[in-house]
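Participant: Here you go, structure.txt (compact mmCIF, C-alpha atoms):
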```
# COMPACT_ATOMS: atom_id res chain seq x y z
CA MET A 488 2.30 -32.38 8.39
CA LEU A 489 4.38 -30.50 10.97
CA ALA A 490 5.53 -28.17 8.18
CA ASP A 491 1.89 -27.59 7.34
CA LEU A 492 1.17 -26.57 10.94
CA ALA A 493 4.27 -24.35 10.98
CA GLN A 494 2.81 -22.62 7.91
CA ASP A 495 -0.51 -22.11 9.76
CA LEU A 496 1.46 -20.48 12.58
CA GLU A 497 3.27 -18.23 10.10
CA ASP A 498 -0.04 -17.26 8.46
CA ILE A 499 -1.46 -16.27 11.84
CA ARG A 500 1.63 -14.24 12.73
CA ALA A 501 1.43 -12.48 9.35
CA LEU A 502 -2.22 -11.66 9.97
CA ASN A 503 -1.35 -10.31 13.43
CA ALA A 504 1.38 -8.13 11.93
CA GLU A 505 -1.07 -6.83 9.33
CA VAL A 506 -3.53 -5.90 12.11
CA LEU A 507 -0.78 -4.00 13.94
CA THR A 508 0.22 -2.05 10.83
CA THR A 509 -3.40 -1.07 10.17
CA ALA A 510 -3.84 -0.07 13.81
CA ALA A 511 -0.82 2.23 13.66
CA ALA A 512 -2.25 3.98 10.59
CA GLU A 513 -5.63 4.34 12.31
CA LEU A 514 -3.95 5.86 15.35
CA GLU A 515 -2.57 8.66 13.18
CA GLU A 516 -5.95 9.23 11.51
CA ASP A 517 -7.61 9.37 14.93
CA ALA A 518 -5.13 11.91 16.28
CA ALA A 519 -6.01 14.28 13.41
CA ARG A 520 -9.72 13.58 13.91
CA ASP A 521 -9.46 14.29 17.66
CA GLU A 522 -7.65 17.53 17.03
CA GLU A 523 -10.38 18.71 14.65
CA ARG A 524 -13.16 17.66 17.03
CA ALA A 525 -11.43 19.43 19.95
CA ARG A 526 -11.04 22.63 17.90
CA ARG A 527 -14.74 22.63 17.01
CA ALA A 528 -15.72 21.86 20.61
CA ARG A 529 -13.65 24.78 21.93
CA ARG A 530 -15.36 27.11 19.45
CA GLY A 531 -18.73 25.87 20.71
CA GLU A 532 -19.72 24.37 17.34
CA LEU A 533 -20.70 21.07 19.00
CA GLY A 534 -22.86 22.70 21.67
CA PRO A 535 -22.32 23.92 25.23
CA ASP A 536 -21.95 20.44 26.71
CA TRP A 537 -19.07 19.52 24.45
CA ARG A 538 -17.49 22.94 25.05
CA ARG A 539 -17.51 22.29 28.83
CA LEU A 540 -16.27 18.74 28.32
CA GLN A 541 -13.44 19.95 26.10
CA GLU A 542 -12.41 22.48 28.74
CA ARG A 543 -12.24 19.66 31.27
CA ILE A 544 -10.34 17.43 28.79
CA ASP A 545 -7.86 20.28 28.26
CA ARG A 546 -7.42 20.61 32.03
CA GLY A 547 -6.79 16.84 32.25
CA GLU A 548 -9.92 16.27 34.37
CA THR A 549 -11.52 13.81 31.96
CA SER A 550 -10.89 12.04 28.65
CA LEU A 551 -12.82 10.79 25.64
CA GLY A 552 -12.38 7.26 27.00
CA ALA A 553 -13.87 8.20 30.38
CA ILE A 554 -16.82 9.90 28.67
CA ALA A 555 -17.41 6.92 26.35
CA GLN A 556 -17.09 4.30 29.09
CA GLY A 557 -19.45 6.15 31.41
CA LEU A 558 -16.70 6.74 33.97
CA ASP A 559 -17.24 10.50 33.77
CA ASP A 560 -20.53 11.08 35.58
CA SER A 561 -20.60 14.86 35.21
CA TRP A 562 -23.88 16.38 34.10
CA GLU A 563 -22.50 17.34 30.65
CA ALA A 564 -21.01 13.88 30.07
CA GLN A 565 -24.35 12.25 30.91
CA GLU A 566 -26.07 14.71 28.63
CA VAL A 567 -23.88 13.93 25.59
CA ARG A 568 -24.28 10.21 26.21
CA THR A 569 -28.03 10.58 25.73
CA HIS A 570 -27.26 11.70 22.17
CA THR A 571 -25.23 8.51 21.72
CA ILE A 572 -28.19 6.37 22.74
CA ASP A 573 -30.58 8.26 20.45
CA ASN A 574 -28.21 8.24 17.50
CA LEU A 575 -27.32 4.58 17.87
CA ALA A 576 -30.98 3.63 18.14
CA ALA A 577 -31.52 5.41 14.84
CA SER A 578 -28.68 3.46 13.24
CA ALA A 579 -30.36 0.16 14.06
CA ASP A 580 -30.92 -1.35 10.62
CA GLY A 581 -27.98 -0.01 8.74
CA TRP A 582 -25.02 -1.45 10.56
CA ARG A 583 -26.16 -5.00 11.11
CA LEU A 584 -25.50 -8.20 9.26
CA PRO A 585 -28.55 -9.52 7.46
CA ASP A 586 -30.08 -12.37 9.41
CA PRO A 587 -29.82 -15.39 7.08
CA ASP A 588 -32.82 -17.03 8.78
CA ALA A 589 -35.06 -13.97 8.85
CA ASP A 590 -37.90 -13.71 6.41
CA GLU A 591 -38.11 -9.91 6.33
CA PRO A 592 -39.71 -7.83 3.63
CA GLU A 593 -37.27 -5.97 1.42
CA ILE A 594 -36.69 -2.36 2.48
CA ASP A 595 -37.25 0.23 -0.20
CA ILE A 596 -33.92 1.98 0.31
CA ALA A 597 -34.72 4.82 -2.06
CA HIS A 598 -37.84 5.84 -0.11
CA SER A 599 -36.77 4.94 3.42
CA SER A 600 -35.62 7.53 5.94
CA ARG A 601 -33.98 4.75 7.97
CA PRO A 602 -30.29 4.17 7.36
CA SER A 603 -29.46 0.99 5.49
CA PRO A 604 -26.24 -0.86 4.65
CA ALA A 605 -26.41 0.95 1.30
CA ASP A 606 -25.53 4.16 3.17
CA LEU A 607 -22.25 2.66 4.34
CA PRO A 608 -18.92 2.88 2.49
CA ALA A 609 -18.23 0.03 0.07
CA GLN A 610 -15.41 -1.19 2.34
CA ALA A 611 -17.85 -1.63 5.24
CA ARG A 612 -20.28 -3.56 3.06
CA ALA A 613 -17.43 -5.77 1.84
CA ALA A 614 -16.31 -6.40 5.43
CA MET A 615 -19.87 -7.30 6.46
CA ALA A 616 -20.13 -9.72 3.53
CA ALA A 617 -16.77 -11.23 4.54
CA VAL A 618 -17.96 -11.65 8.15
CA ALA A 619 -21.14 -13.40 6.98
CA ALA A 620 -19.17 -15.70 4.64
CA THR A 621 -16.45 -16.53 7.21
CA THR A 622 -19.07 -17.20 9.89
CA ALA A 623 -20.80 -19.68 7.57
CA ARG A 624 -17.48 -21.41 6.78
CA LEU A 625 -16.57 -21.54 10.48
CA GLN A 626 -19.89 -23.13 11.36
CA ALA A 627 -19.44 -25.70 8.61
CA ALA A 628 -15.88 -26.48 9.80
CA GLN A 629 -17.04 -26.84 13.40
CA GLN A 630 -19.77 -29.20 12.25
CA ARG A 631 -17.22 -31.25 10.29
CA LEU A 632 -15.01 -31.39 13.39
CA ARG A 633 -17.88 -32.60 15.55
CA GLU A 634 -18.61 -35.34 13.01
CA LEU A 635 -15.00 -36.50 12.60
CA PRO A 636 -14.70 -40.07 13.86
CA VAL A 637 -12.29 -40.32 16.76
CA PRO A 638 -11.12 -43.93 17.06
CA ASP A 639 -10.60 -45.51 20.42
CA PRO A 640 -6.83 -45.83 20.84
CA GLY A 641 -7.33 -48.74 23.22
CA MET B 967 19.22 -44.56 27.66
CA SER B 968 20.17 -47.48 29.86
CA ALA B 969 17.79 -49.61 31.88
CA THR B 970 19.15 -48.08 35.07
CA VAL B 971 18.32 -44.55 33.96
CA THR B 972 14.84 -45.61 32.91
CA GLU B 973 14.24 -47.14 36.29
CA LYS B 974 15.52 -44.03 38.01
CA ILE B 975 13.19 -41.80 35.99
CA ALA B 976 10.27 -44.11 36.66
CA LEU B 977 10.91 -43.87 40.39
CA THR B 978 11.47 -40.13 40.58
CA GLN B 979 8.87 -38.72 38.18
CA ASP B 980 5.31 -38.09 39.23
CA TRP B 981 3.71 -39.83 36.27
CA SER B 982 0.20 -39.14 37.48
CA ALA B 983 0.91 -35.43 36.94
CA THR B 984 0.86 -36.06 33.22
CA LEU B 985 -2.67 -37.37 33.44
CA SER B 986 -4.26 -34.55 35.41
CA PRO B 987 -3.26 -30.89 35.26
CA LYS B 988 -1.56 -29.34 38.26
CA GLY B 989 -1.48 -25.55 38.01
CA THR B 990 -0.89 -25.58 34.27
CA ALA B 991 -0.75 -22.16 32.64
CA ASP B 992 -4.01 -21.98 30.74
CA PHE B 993 -3.68 -18.99 28.43
CA ALA B 994 -7.34 -19.24 27.41
CA ALA B 995 -8.68 -18.29 30.85
CA LYS B 996 -6.44 -15.21 30.99
CA PHE B 997 -7.38 -14.39 27.40
CA GLU B 998 -11.10 -14.56 28.23
CA ASN B 999 -10.70 -12.38 31.34
CA ASN B 1000 -8.63 -9.76 29.55
CA CYS B 1001 -11.06 -9.56 26.65
CA GLY B 1002 -14.00 -9.30 29.04
CA LEU B 1003 -12.30 -6.46 30.92
CA LEU B 1004 -11.44 -4.60 27.72
CA LEU B 1005 -14.94 -4.82 26.31
CA GLY B 1006 -16.91 -4.67 29.53
CA ARG B 1007 -18.03 -1.03 29.43
CA VAL B 1008 -18.59 -0.72 25.68
CA LEU B 1009 -19.89 -4.15 24.75
CA TRP B 1010 -23.44 -2.82 24.80
CA VAL B 1011 -22.73 -0.72 21.69
CA ALA B 1012 -21.84 -3.81 19.68
CA ARG B 1013 -25.02 -5.49 20.88
CA GLU B 1014 -27.29 -2.45 20.39
CA ALA B 1015 -25.96 -1.00 17.20
CA PHE B 1016 -24.52 -4.04 15.43
CA HIS B 1017 -26.63 -6.80 17.02
CA TYR B 1018 -23.31 -8.62 17.37
CA ASP B 1019 -22.11 -10.36 20.50
CA VAL B 1020 -18.32 -9.96 20.25
CA MET B 1021 -17.59 -12.17 23.27
CA LYS B 1022 -19.81 -14.99 22.03
CA GLU B 1023 -18.72 -14.89 18.40
CA ILE B 1024 -15.01 -14.12 18.73
CA VAL B 1025 -13.74 -14.75 22.25
CA TYR B 1026 -15.60 -17.80 23.56
CA PRO B 1027 -14.87 -20.09 20.57
CA LEU B 1028 -11.17 -19.96 21.45
CA CYS B 1029 -11.76 -20.61 25.15
CA GLY B 1030 -11.25 -24.26 25.97
CA ASP B 1031 -9.08 -26.51 28.01
CA TRP B 1032 -5.76 -25.66 26.38
CA GLY B 1033 -4.04 -26.42 29.69
CA GLN B 1034 -5.28 -30.01 29.50
CA LEU B 1035 -3.97 -30.19 25.95
CA GLY B 1036 -0.56 -29.11 27.22
CA VAL B 1037 -0.66 -31.88 29.80
CA SER B 1038 -1.57 -34.38 27.10
CA SER B 1039 1.42 -33.24 25.06
CA GLN B 1040 3.71 -33.85 28.08
CA ALA B 1041 2.16 -37.27 28.53
CA TRP B 1042 2.84 -38.17 24.88
CA GLY B 1043 6.40 -36.92 25.36
CA SER B 1044 6.77 -39.30 28.31
CA VAL B 1045 5.32 -42.16 26.26
CA HIS B 1046 7.86 -41.34 23.53
CA HIS B 1047 10.79 -41.58 25.95
CA GLY B 1048 9.38 -44.68 27.67
CA CYS B 1049 8.90 -46.53 24.36
CA LEU B 1050 12.39 -45.56 23.22
CA ASP B 1051 13.82 -46.94 26.46
CA ILE B 1052 11.90 -50.20 26.06
CA SER B 1053 13.02 -50.40 22.44
CA GLU B 1054 16.66 -49.96 23.47
CA ASN B 1055 16.35 -52.50 26.27
CA VAL B 1056 14.72 -55.07 24.00
CA ALA B 1057 17.31 -54.34 21.29
CA ALA B 1058 19.95 -55.25 23.84
CA MET B 1059 18.21 -58.61 24.31
CA ALA B 1060 18.34 -59.12 20.55
CA GLN B 1061 22.11 -58.84 20.85
CA LEU B 1062 22.25 -61.57 23.49
CA PRO B 1063 25.74 -63.04 23.09
CA GLU B 1064 26.06 -66.62 22.02
CA SER B 1065 28.30 -67.19 25.02
CA ILE B 1066 25.17 -66.83 27.15
CA TRP B 1067 22.68 -68.73 25.00
CA ASP B 1068 23.67 -70.50 21.81
CA GLY B 1069 21.29 -73.46 21.71
CA GLY B 1070 24.17 -75.83 21.32
CA GLY B 1071 23.98 -75.70 17.55
CA GLN B 1072 20.69 -77.67 17.53
CA ASP B 1073 18.11 -75.59 19.37
CA PRO B 1074 16.64 -72.88 17.04
CA ALA B 1075 15.14 -71.00 20.02
CA PRO B 1076 18.05 -68.60 20.68
CA ASP B 1077 18.11 -67.28 17.11
CA ALA B 1078 14.31 -67.09 17.00
CA PHE B 1079 14.39 -65.25 20.31
CA ARG B 1080 16.96 -62.72 19.04
CA ALA B 1081 14.97 -62.17 15.84
CA ARG B 1082 11.77 -61.64 17.84
CA MET B 1083 13.46 -59.20 20.19
CA ALA B 1084 14.76 -57.21 17.23
CA ALA B 1085 11.24 -57.07 15.79
CA VAL B 1086 9.73 -56.02 19.13
CA SER B 1087 12.42 -53.37 19.53
CA SER B 1088 11.60 -52.01 16.10
CA ASP B 1089 7.86 -51.95 16.93
CA PHE B 1090 8.50 -50.03 20.14
CA GLU B 1091 10.66 -47.62 18.21
CA ARG B 1092 7.73 -46.97 15.89
CA TYR B 1093 5.48 -46.57 18.94
CA ALA B 1094 7.97 -43.98 20.20
CA GLN B 1095 7.95 -42.14 16.87
CA ALA B 1096 4.14 -42.08 16.83
CA ALA B 1097 4.08 -40.74 20.39
CA GLN B 1098 6.65 -38.09 19.52
CA LEU B 1099 4.68 -37.05 16.44
CA THR B 1100 1.53 -36.82 18.57
CA ALA B 1101 3.32 -34.62 21.14
CA GLN B 1102 4.68 -32.41 18.37
CA LEU B 1103 1.27 -32.11 16.71
CA VAL B 1104 -0.35 -31.13 20.00
CA ASP B 1105 2.45 -28.65 20.75
CA SER B 1106 2.06 -27.09 17.31
CA LEU B 1107 -1.67 -26.84 17.81
CA ILE B 1108 -1.11 -25.06 21.15
CA GLU B 1109 1.31 -22.64 19.46
CA VAL B 1110 -1.28 -21.90 16.79
CA GLY B 1111 -3.95 -21.39 19.47
CA LYS B 1112 -1.70 -19.04 21.45
CA ALA B 1113 -0.75 -16.97 18.39
CA ALA B 1114 -4.42 -16.69 17.42
CA ALA B 1115 -5.30 -15.67 21.00
CA ASP B 1116 -2.64 -12.93 20.85
CA GLY B 1117 -4.08 -11.65 17.60
CA ILE B 1118 -7.67 -11.79 18.81
CA ALA B 1119 -6.77 -10.04 22.08
CA LEU B 1120 -5.18 -7.27 20.02
CA LEU B 1121 -8.27 -7.08 17.82
CA ILE B 1122 -10.53 -6.99 20.87
CA SER B 1123 -8.60 -4.03 22.21
CA LEU B 1124 -8.96 -2.30 18.82
CA ILE B 1125 -12.66 -3.18 18.67
CA SER B 1126 -13.06 -1.72 22.15
CA GLU B 1127 -11.30 1.45 20.99
CA THR B 1128 -13.53 1.58 17.90
CA LEU B 1129 -16.67 1.17 20.01
CA GLU B 1130 -15.50 4.02 22.27
CA ARG B 1131 -15.02 6.22 19.21
CA ILE B 1132 -18.49 5.33 17.96
CA ILE B 1133 -19.90 6.39 21.34
CA VAL B 1134 -18.04 9.72 21.16
CA GLU B 1135 -18.95 10.41 17.53
CA ALA B 1136 -22.58 9.54 18.20
CA ALA B 1137 -22.52 11.85 21.24
CA ILE B 1138 -22.17 14.86 18.98
CA PRO B 1139 -25.61 16.41 18.63
CA VAL B 1140 -26.00 16.60 14.89
CA VAL B 1141 -29.40 16.05 13.34
CA GLY B 1142 -29.33 13.12 10.92
CA TRP B 1143 -25.93 12.06 12.25
CA VAL B 1144 -26.25 8.42 11.45
CA ALA B 1145 -27.41 8.62 7.87
CA GLY B 1146 -25.03 11.27 6.72
CA ALA B 1147 -21.99 11.10 8.94
CA VAL B 1148 -18.77 10.19 7.26
CA GLU B 1149 -17.33 9.42 10.70
CA ALA B 1150 -19.97 6.81 11.41
CA GLY B 1151 -19.08 5.04 8.18
CA VAL B 1152 -15.39 5.06 9.08
CA PHE B 1153 -15.95 3.42 12.44
CA VAL B 1154 -18.58 0.96 11.24
CA THR B 1155 -16.09 -0.11 8.57
CA ARG B 1156 -13.38 -0.50 11.20
CA PHE B 1157 -15.64 -2.56 13.44
CA TRP B 1158 -16.55 -5.07 10.75
CA LEU B 1159 -13.01 -5.24 9.38
CA LYS B 1160 -11.71 -6.16 12.82
CA VAL B 1161 -14.44 -8.72 13.40
CA SER B 1162 -13.60 -10.17 9.99
CA ALA B 1163 -9.89 -10.42 10.88
CA ALA B 1164 -10.71 -12.13 14.18
CA LEU B 1165 -12.94 -14.65 12.41
CA ARG B 1166 -10.14 -15.40 9.94
CA LEU B 1167 -7.87 -16.19 12.89
CA LEU B 1168 -10.52 -18.47 14.38
CA GLU B 1169 -10.97 -20.16 11.02
CA LYS B 1170 -7.24 -20.84 10.91
CA VAL B 1171 -7.35 -22.43 14.36
CA VAL B 1172 -10.31 -24.63 13.44
CA SER B 1173 -8.59 -25.69 10.23
CA THR B 1174 -5.44 -26.58 12.21
CA ILE B 1175 -7.48 -28.59 14.72
CA GLU B 1176 -9.08 -30.44 11.81
CA LYS B 1177 -5.67 -31.33 10.34
CA VAL B 1178 -4.34 -32.46 13.73
CA VAL B 1179 -7.36 -34.64 14.45
CA MET B 1180 -7.19 -36.28 11.02
CA THR B 1181 -3.47 -36.96 11.40
CA LEU B 1182 -3.93 -38.33 14.91
CA ASN B 1183 -6.59 -40.67 13.54
CA LYS B 1184 -3.99 -42.03 11.11
CA VAL B 1185 -1.41 -42.31 13.92
CA ILE B 1186 -3.89 -44.20 16.08
CA SER B 1187 -4.59 -46.58 13.20
CA VAL B 1188 -0.85 -47.30 12.92
CA LEU B 1189 -0.64 -47.82 16.68
CA LYS B 1190 -3.55 -50.26 16.52
CA ILE B 1191 -1.77 -52.28 13.84
CA LEU B 1192 1.39 -52.30 15.94
CA LYS B 1193 -0.57 -53.28 19.02
CA THR B 1194 -2.16 -56.16 17.14
CA THR B 1195 1.30 -57.25 16.02
CA LEU B 1196 2.59 -57.08 19.57
CA ASN B 1197 -0.45 -58.96 20.92
CA GLY B 1198 0.14 -61.65 18.31
CA PHE B 1199 3.75 -61.76 19.33
CA ALA B 1200 2.83 -62.04 23.01
CA GLY B 1201 0.41 -64.87 22.24
CA ALA B 1202 2.94 -66.71 20.10
CA LEU B 1203 5.62 -66.20 22.69
CA SER B 1204 3.51 -67.56 25.54
CA LEU B 1205 2.57 -70.54 23.39
CA GLY B 1206 6.21 -71.02 22.56
CA ASN B 1207 7.13 -70.63 26.21
CA GLY B 1208 4.67 -73.30 27.22
CA LEU B 1209 6.24 -75.75 24.76
CA ASN B 1210 9.82 -74.86 24.92
CA THR B 1211 10.88 -72.76 27.85
CA SER B 1212 13.20 -75.00 29.72
CA ASP B 1213 16.39 -73.76 28.20
CA ALA B 1214 15.39 -70.10 28.17
CA VAL B 1215 14.13 -70.13 31.74
CA ARG B 1216 17.11 -72.10 32.93
CA ARG B 1217 19.35 -69.45 31.49
CA GLY B 1218 17.30 -66.63 33.01
CA TRP B 1219 16.74 -64.93 29.57
CA GLY B 1220 20.36 -63.94 29.67
CA VAL B 1221 19.97 -61.92 32.87
CA THR B 1222 23.13 -62.72 34.73
CA ALA B 1223 23.23 -60.03 37.42
```
For the file at hand, write its structure as structure tokens.
Facilitator:
Amino acid sequence: MLADLAQDLEDIRALNAEVLTTAAAELEEDAARDEERARRARRGELGPDWRRLQERIDRGETSLGAIAQGLDDSWEAQEVRTHTIDNLAASADGWRLPDPDADEPEIDIAHSSRPSPADLPAQARAAMAAVAATTARLQAAQQRLRELPVPDPG
Amino acid sequence: MSATVTEKIALTQDWSATLSPKGTADFAAKFENNCGLLLGRVLWVAREAFHYDVMKEIVYPLCGDWGQLGVSSQAWGSVHHGCLDISENVAAMAQLPESIWDGGGQDPAPDAFRARMAAVSSDFERYAQAAQLTAQLVDSLIEVGKAAADGIALLISLISETLERIIVEAAIPVVGWVAGAVEAGVFVTRFWLKVSAALRLLEKVVSTIEKVVMTLNKVISVLKILKTTLNGFAGALSLGNGLNTSDAVRRGWGVTA
């Protein structure tokens, strides 16, 4: 039994290591992505607000994190954040897990202007399916735990 | 361990501390605070865009009284040592020399007494093993919980980073950004992959808890059988004492000091 638990611990450590490896790869991807976005912002391709923000980023006066977290309260930062709110509102249906209890009519993806999960990469759809499946298994396991008889040791 | 050492430990240790926590390091509270701080300013994106409450689904399930569990493990460790000491003391009584109590070749009580003491010693040894196993199981469970908390804290920091990137990407004024943007797909994928990894960690913890509880149920069943045996022994002994104690009492159960 103790060996079984030691294996559980090993499995968790392996999963943690896997997460770290993936994160390192993503960090590299993001550096390249940031460089490209900064270049376009400096050229004014992303609009005047982003050009001003990039100038301030280059001078070390702000950062992408500060803009995203709302810590930068400059006029241009507030302005670009309004795009975030609009764009995210438009993403509403596409990024969410289907509600297993909802009785919603099927969306005609081919004729809908709204984004749907079908617009996402296959990997995202697979991850969403995995989340839904794991959540269901977790709930079942928690239910089993609640129902396990715990004898009185007295 | 000798009887003297046992007595010394009993007098110097604060046994009540094993029953109620005193400033125990509860990693879950720190874990919850750190995750809350990391996600605080970007959590709204997960709620708005993904309709997913990261704190509720990923962080809170792991928050519990792990500190109390640690205290319970210490208590089982103390029970283990206590039972071992009793077992050793009783085993010494099973070795009571015939020079102290021999029954004069006619009284069967001394041999019966030694045999009973040996059996009781063995039972207490099994009690000790059960207590040690319980402590080890609880310790292992805590290790699993801590490792999962480390992993989930890492994932929360990556989810927070992903949510920040979604905010930045969505802040770029491009018409039809959501439907067509490759970047959006990348970060949505990342978000769900990280949530999925965190849920797998939680699933592992729940599965470990399930195994521990089921094993403890078996341990408790064994303890109950042992306790019944010991109760039976105590009853038989008191009955025997009532009938036949004169010689044993007169000889002070071999206690000569």
Participant: Can you work out the spacing between CA of Val1056 in chain B and CA of Ala1075 in chain B in Å, to one decimal?
Facilitator: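 Between these atoms lies a distance of 16.4 Å.
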Participant: With a distance threshold of 7 Å and counting all atoms listed in the file, extract the residues of chain A near chain B and express them as a count of residues only.
Facilitator: 41
Participant: Quick check, in Å to one decimal: how far apart do CA of Ile1108 in chain B and CA of Asp498 in chain A lie?
Facilitator: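 Going from CA of Ile1108 in chain B over to CA of Asp498 in chain A covers 14.9 Å.
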Participant: Hey, can you pull every residue with an atom no more than 8 Å from (-4.8, -22.6, 26.6), using all atoms listed in the file, and send it as a list in words?
Facilitator: Ala991, Asp992, Phe993, Ala994, Ala995, Cys1029, Gly1030, Asp1031, Trp1032, Gly1033, Gln1034, Leu1035, Gly1036, Ile1108, Gly1111 and Lys1112 of chain B
Participant: Hey, can you check how far CA of Glu566 in chain A sits from CA of Trp537 in chain A?
Facilitator: 9.5 Å
Participant: Of the candidates A:Thr549, A:Ile554, A:Gly581, A:Ala564, which shows the shortest atom-to-atom distance to Pro535 in chain A, using all atoms listed in the file?
Facilitator: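 Among the listed residues, A:Ala564 lies closest to Pro535 in chain A.
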Participant: Could you give me the axis-aligned bounding box of range 511-523 of chain A, with 5 Å of padding per side, as centre plus edge lengths in Å to one decimal, as AutoDock Vina command-line options?
Facilitator:
```
--center_x -5.6 --center_y 10.5 --center_z 14.1 --size_x 19.6 --size_y 26.5 --size_z 17.1
```
Participant: So, with all atoms listed in the file as the atoms that count, which of A:Asp586, A:Val506, A:Ser561, A:Ala525 lies closest to Ala616 in chain A?
Facilitator: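 Smallest distance to Ala616 in chain A is found for A:Asp586.
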Participant: Return the single residue from B:Ser1039, B:Asn1000, B:Gln1098, B:Arg1080 that is closest to Met1021 in chain B, with distances computed using only C-alpha atoms.
Facilitator: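 Nearest to Met1021 in chain B: B:Asn1000.
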